[in-house]
Amino acid sequence: MVDAAALGTIWEVPDALWARIAPVLAELDPPRRGGKPRVDQRAAFNAIIFRLRSGCQWNRLPARFPSDSSVHRTLQRWVAKGVLDRVWADVATAAGVAWEWQAADTSMGKARSGGTPWAATPPTGANPG
């Protein structure tokens with residue numbers, strides 16, 4: 001079982017987590033026969049995590065990762081093959097997520113001050129400049 005508290009903020013995949021992800025990748029996205037070899041899957045996964053967590057542009061990935069186009073192509077292939085859905089489900093199940101019980105927390109009601117949809121928004125007094 002993956003200890004969620006021990007993981008902290010993930011910027012790169014730890015060895016224990018990679019041990020759960022690698023078999024999924026081997027099953028759903030095995031290496032091709034012939035042609036140019038693909039980029040290292042773990043390096044690509046780390047680059048995807050970095051990109052999604054930092055919000056940087058693809059062409060601003062640090063040099064320690066594979067090329068931005070290779071990582072983006074890998075992400076698109078994994079999305080199309082359902083790799084990330086399987087990885088997420090496997091990790092969530094290992095972390096003890098109870099799929100039988102789910103809840104949605106929402107607040108629905110009238111706006112406190114009322115108002116009319118056609119009226120202009122009154123100024124707040126804040127300086128816009």
# chains A, B, ... in the order shown; residues from 1 in each chain; ligands from 1
$ residues_around --residues "A:Ser67" --least-positions-apart "2" --cutoff "12 Å" --atoms "only C-alpha atoms" --output "ChimeraX atom specification"
/A:38-40,43-44,47-48,58-65,69-74
$ write_last_selection --atoms "C-alpha atoms" --output "CSV table (one decimal), in the first residue's frame"
chain,number,residue,atom,x,y,z
A,38,ARG,CA,11.1,5.9,-27.3
A,39,VAL,CA,12.1,8.2,-24.5
A,40,ASP,CA,12.6,6.7,-21.1
A,43,ALA,CA,11.7,10.4,-17.3
A,44,ALA,CA,8.6,11.2,-19.4
A,47,ALA,CA,8.3,15.6,-17.0
A,48,ILE,CA,4.5,15.3,-17.2
A,58,TRP,CA,6.0,22.6,-22.8
A,59,ASN,CA,9.1,24.2,-24.3
A,60,ARG,CA,10.2,25.4,-20.9
A,61,LEU,CA,10.7,22.0,-19.4
A,62,PRO,CA,14.1,21.8,-17.6
A,63,ALA,CA,16.9,20.2,-19.5
A,64,ARG,CA,17.0,17.2,-17.2
A,65,PHE,CA,13.8,15.9,-18.9
A,69,SER,CA,7.8,17.3,-28.1
A,70,SER,CA,8.7,13.7,-27.0
A,71,VAL,CA,7.1,14.2,-23.6
A,72,HIS,CA,4.0,15.8,-25.1
A,73,ARG,CA,3.7,13.0,-27.7
A,74,THR,CA,4.1,10.4,-24.9
$ residues_around --residues "A:Leu84" --least-positions-apart "5" --cutoff "12 Å" --atoms "only C-alpha atoms" --output "MDAnalysis selection string"
chainID A and resid 21:22 24:25 28:29 45 48:49 74:79 89:92
$ write_last_selection --atoms "all heavy atoms" --output "compact mmCIF listing (two decimals), in the first residue's frame"
# COMPACT_ATOMS: atom_id res chain seq x y z
N ILE A 21 3.46 1.76 -11.11
CA ILE A 21 3.14 2.35 -12.42
C ILE A 21 3.75 1.55 -13.57
O ILE A 21 3.13 1.36 -14.62
CB ILE A 21 3.60 3.82 -12.46
CG1 ILE A 21 2.79 4.64 -11.46
CG2 ILE A 21 3.49 4.39 -13.86
CD1 ILE A 21 3.30 6.04 -11.26
N ALA A 22 4.97 1.07 -13.39
CA ALA A 22 5.70 0.39 -14.47
C ALA A 22 4.94 -0.80 -15.06
O ALA A 22 4.89 -0.94 -16.30
CB ALA A 22 7.08 -0.03 -13.98
N VAL A 24 1.74 -1.22 -15.33
CA VAL A 24 0.62 -0.68 -16.12
C VAL A 24 1.15 -0.20 -17.47
O VAL A 24 0.55 -0.47 -18.52
CB VAL A 24 -0.09 0.47 -15.36
CG1 VAL A 24 -1.14 1.11 -16.24
CG2 VAL A 24 -0.69 -0.04 -14.07
N LEU A 25 2.28 0.49 -17.46
CA LEU A 25 2.87 0.95 -18.71
C LEU A 25 3.32 -0.22 -19.58
O LEU A 25 3.15 -0.19 -20.80
CB LEU A 25 4.06 1.88 -18.43
CG LEU A 25 3.70 3.24 -17.87
CD1 LEU A 25 4.95 3.99 -17.44
CD2 LEU A 25 2.90 4.05 -18.85
N LEU A 28 -0.08 -1.63 -21.09
CA LEU A 28 -0.86 -0.80 -22.01
C LEU A 28 -0.03 -0.08 -23.06
O LEU A 28 -0.56 0.33 -24.09
CB LEU A 28 -1.66 0.24 -21.21
CG LEU A 28 -2.72 -0.32 -20.27
CD1 LEU A 28 -3.44 0.81 -19.53
CD2 LEU A 28 -3.73 -1.17 -21.02
N ASP A 29 1.26 0.11 -22.81
CA ASP A 29 2.11 0.82 -23.77
C ASP A 29 3.47 0.14 -23.87
O ASP A 29 4.49 0.72 -23.49
CB ASP A 29 2.26 2.29 -23.35
CG ASP A 29 2.91 3.13 -24.43
OD1 ASP A 29 2.75 2.81 -25.62
OD2 ASP A 29 3.61 4.11 -24.07
N PHE A 45 7.31 10.45 -17.53
CA PHE A 45 6.30 10.58 -16.48
C PHE A 45 6.67 11.71 -15.52
O PHE A 45 5.83 12.52 -15.14
CB PHE A 45 6.16 9.25 -15.73
CG PHE A 45 4.84 9.09 -15.02
CD1 PHE A 45 3.76 8.54 -15.68
CD2 PHE A 45 4.69 9.50 -13.70
CE1 PHE A 45 2.54 8.39 -15.04
CE2 PHE A 45 3.48 9.35 -13.05
CZ PHE A 45 2.40 8.80 -13.72
N ILE A 48 5.98 15.01 -17.19
CA ILE A 48 4.54 15.31 -17.21
C ILE A 48 4.10 15.82 -15.85
O ILE A 48 3.36 16.81 -15.76
CB ILE A 48 3.75 14.06 -17.65
CG1 ILE A 48 4.03 13.75 -19.12
CG2 ILE A 48 2.26 14.26 -17.41
CD1 ILE A 48 3.57 12.38 -19.57
N ILE A 49 4.55 15.17 -14.79
CA ILE A 49 4.22 15.64 -13.44
C ILE A 49 4.73 17.06 -13.24
O ILE A 49 4.01 17.94 -12.75
CB ILE A 49 4.81 14.71 -12.37
CG1 ILE A 49 4.04 13.38 -12.36
CG2 ILE A 49 4.75 15.35 -10.98
CD1 ILE A 49 4.64 12.33 -11.46
N THR A 74 4.30 11.53 -25.83
CA THR A 74 4.09 10.42 -24.90
C THR A 74 2.81 10.62 -24.10
O THR A 74 2.02 9.70 -23.93
CB THR A 74 5.30 10.29 -23.95
OG1 THR A 74 6.48 10.07 -24.73
CG2 THR A 74 5.12 9.15 -22.97
N LEU A 75 2.59 11.83 -23.61
CA LEU A 75 1.36 12.13 -22.87
C LEU A 75 0.12 11.87 -23.73
O LEU A 75 -0.84 11.24 -23.28
CB LEU A 75 1.36 13.57 -22.36
CG LEU A 75 0.06 14.05 -21.71
CD1 LEU A 75 -0.24 13.27 -20.44
CD2 LEU A 75 0.13 15.54 -21.42
N GLN A 76 0.14 12.34 -24.96
CA GLN A 76 -1.01 12.14 -25.86
C GLN A 76 -1.26 10.66 -26.11
O GLN A 76 -2.41 10.21 -26.14
CB GLN A 76 -0.79 12.89 -27.18
CG GLN A 76 -0.72 14.39 -27.03
CD GLN A 76 -1.98 14.97 -26.46
OE1 GLN A 76 -3.08 14.59 -26.84
NE2 GLN A 76 -1.84 15.89 -25.53
N ARG A 77 -0.19 9.88 -26.28
CA ARG A 77 -0.33 8.45 -26.50
C ARG A 77 -0.92 7.77 -25.27
O ARG A 77 -1.82 6.95 -25.37
CB ARG A 77 1.04 7.84 -26.87
CG ARG A 77 0.96 6.38 -27.25
CD ARG A 77 2.30 5.81 -27.70
NE ARG A 77 3.28 5.77 -26.62
CZ ARG A 77 4.38 6.52 -26.56
NH1 ARG A 77 4.64 7.38 -27.54
NH2 ARG A 77 5.22 6.42 -25.55
N TRP A 78 -0.44 8.15 -24.09
CA TRP A 78 -0.93 7.56 -22.85
C TRP A 78 -2.39 7.92 -22.60
O TRP A 78 -3.15 7.08 -22.13
CB TRP A 78 -0.07 7.99 -21.67
CG TRP A 78 1.28 7.33 -21.64
CD1 TRP A 78 1.70 6.29 -22.42
CD2 TRP A 78 2.37 7.66 -20.79
NE1 TRP A 78 3.00 5.96 -22.11
CE2 TRP A 78 3.43 6.78 -21.11
CE3 TRP A 78 2.57 8.61 -19.80
CZ2 TRP A 78 4.67 6.84 -20.45
CZ3 TRP A 78 3.79 8.66 -19.15
CH2 TRP A 78 4.82 7.78 -19.48
N VAL A 79 -2.78 9.13 -22.91
CA VAL A 79 -4.19 9.52 -22.74
C VAL A 79 -5.06 8.68 -23.68
O VAL A 79 -6.10 8.16 -23.28
CB VAL A 79 -4.37 11.03 -23.00
CG1 VAL A 79 -5.84 11.38 -23.13
CG2 VAL A 79 -3.73 11.84 -21.87
N ALA A 89 -6.44 5.06 -11.07
CA ALA A 89 -7.31 4.12 -10.37
C ALA A 89 -6.50 3.18 -9.50
O ALA A 89 -6.88 2.90 -8.35
CB ALA A 89 -8.15 3.33 -11.38
N ASP A 90 -5.37 2.71 -10.00
CA ASP A 90 -4.53 1.79 -9.24
C ASP A 90 -3.94 2.47 -8.01
O ASP A 90 -3.97 1.92 -6.91
CB ASP A 90 -3.41 1.24 -10.14
CG ASP A 90 -2.56 0.22 -9.41
OD1 ASP A 90 -3.14 -0.71 -8.83
OD2 ASP A 90 -1.32 0.36 -9.42
N VAL A 91 -3.42 3.66 -8.18
CA VAL A 91 -2.82 4.38 -7.05
C VAL A 91 -3.89 4.78 -6.04
O VAL A 91 -3.68 4.67 -4.83
CB VAL A 91 -2.04 5.62 -7.55
CG1 VAL A 91 -1.61 6.51 -6.41
CG2 VAL A 91 -0.82 5.16 -8.35
N ALA A 92 -5.05 5.21 -6.51
CA ALA A 92 -6.12 5.60 -5.59
C ALA A 92 -6.62 4.39 -4.80
O ALA A 92 -6.88 4.49 -3.60
CB ALA A 92 -7.27 6.23 -6.36
$ select_by_dssp --residues "stretch 53-91 of chain A" --states "helix (DSSP H, G or I)" --output "number ranges by chain"
A: 53-54, 58-60, 68-81, 83-91
$ write_last_selection --atoms "C-alpha atoms" --output "PDB file, in the first residue's frame"
ATOM      1  CA  ARG A  53       2.308  20.824 -11.251  1.00  0.00           C
ATOM      2  CA  SER A  54       4.331  23.881 -12.289  1.00  0.00           C
ATOM      3  CA  TRP A  58       6.022  22.556 -22.761  1.00  0.00           C
ATOM      4  CA  ASN A  59       9.059  24.222 -24.334  1.00  0.00           C
ATOM      5  CA  ARG A  60      10.181  25.428 -20.880  1.00  0.00           C
ATOM      6  CA  ASP A  68       9.245  18.762 -24.908  1.00  0.00           C
ATOM      7  CA  SER A  69       7.847  17.293 -28.117  1.00  0.00           C
ATOM      8  CA  SER A  70       8.722  13.736 -27.044  1.00  0.00           C
ATOM      9  CA  VAL A  71       7.128  14.210 -23.630  1.00  0.00           C
ATOM     10  CA  HIS A  72       3.998  15.779 -25.143  1.00  0.00           C
ATOM     11  CA  ARG A  73       3.719  12.982 -27.705  1.00  0.00           C
ATOM     12  CA  THR A  74       4.095  10.421 -24.898  1.00  0.00           C
ATOM     13  CA  LEU A  75       1.355  12.131 -22.865  1.00  0.00           C
ATOM     14  CA  GLN A  76      -1.009  12.141 -25.855  1.00  0.00           C
ATOM     15  CA  ARG A  77      -0.329   8.445 -26.504  1.00  0.00           C
ATOM     16  CA  TRP A  78      -0.931   7.558 -22.851  1.00  0.00           C
ATOM     17  CA  VAL A  79      -4.186   9.516 -22.745  1.00  0.00           C
ATOM     18  CA  ALA A  80      -5.410   7.786 -25.905  1.00  0.00           C
ATOM     19  CA  LYS A  81      -4.534   4.334 -24.508  1.00  0.00           C
ATOM     20  CA  VAL A  83      -2.759   4.626 -19.272  1.00  0.00           C
ATOM     21  CA  LEU A  84      -3.265   7.593 -16.948  1.00  0.00           C
ATOM     22  CA  ASP A  85      -6.806   6.491 -16.026  1.00  0.00           C
ATOM     23  CA  ARG A  86      -5.475   3.051 -15.039  1.00  0.00           C
ATOM     24  CA  VAL A  87      -2.533   4.517 -13.116  1.00  0.00           C
ATOM     25  CA  TRP A  88      -4.850   6.898 -11.233  1.00  0.00           C
ATOM     26  CA  ALA A  89      -7.312   4.125 -10.369  1.00  0.00           C
ATOM     27  CA  ASP A  90      -4.529   1.789  -9.240  1.00  0.00           C
ATOM     28  CA  VAL A  91      -2.818   4.380  -7.050  1.00  0.00           C
TER      29      VAL A  91
END
$ atom_distance --atom1 "atom CA of A:Phe50" --atom2 "atom CA of A:Glu12"
7.3 Å
$ atom_distance --atom1 "atom CA of A:Val13" --atom2 "atom CA of A:Pro66"
15.4 Å
$ atom_distance --atom1 "atom CA of A:Arg32" --atom2 "atom CA of A:Ala94"
29.4 Å
$ closest_residue --among "A:Gly82, A:Arg42, A:Arg51, A:Pro37" --to "A:Ala19" --atoms "only C-alpha atoms"
A:Arg42
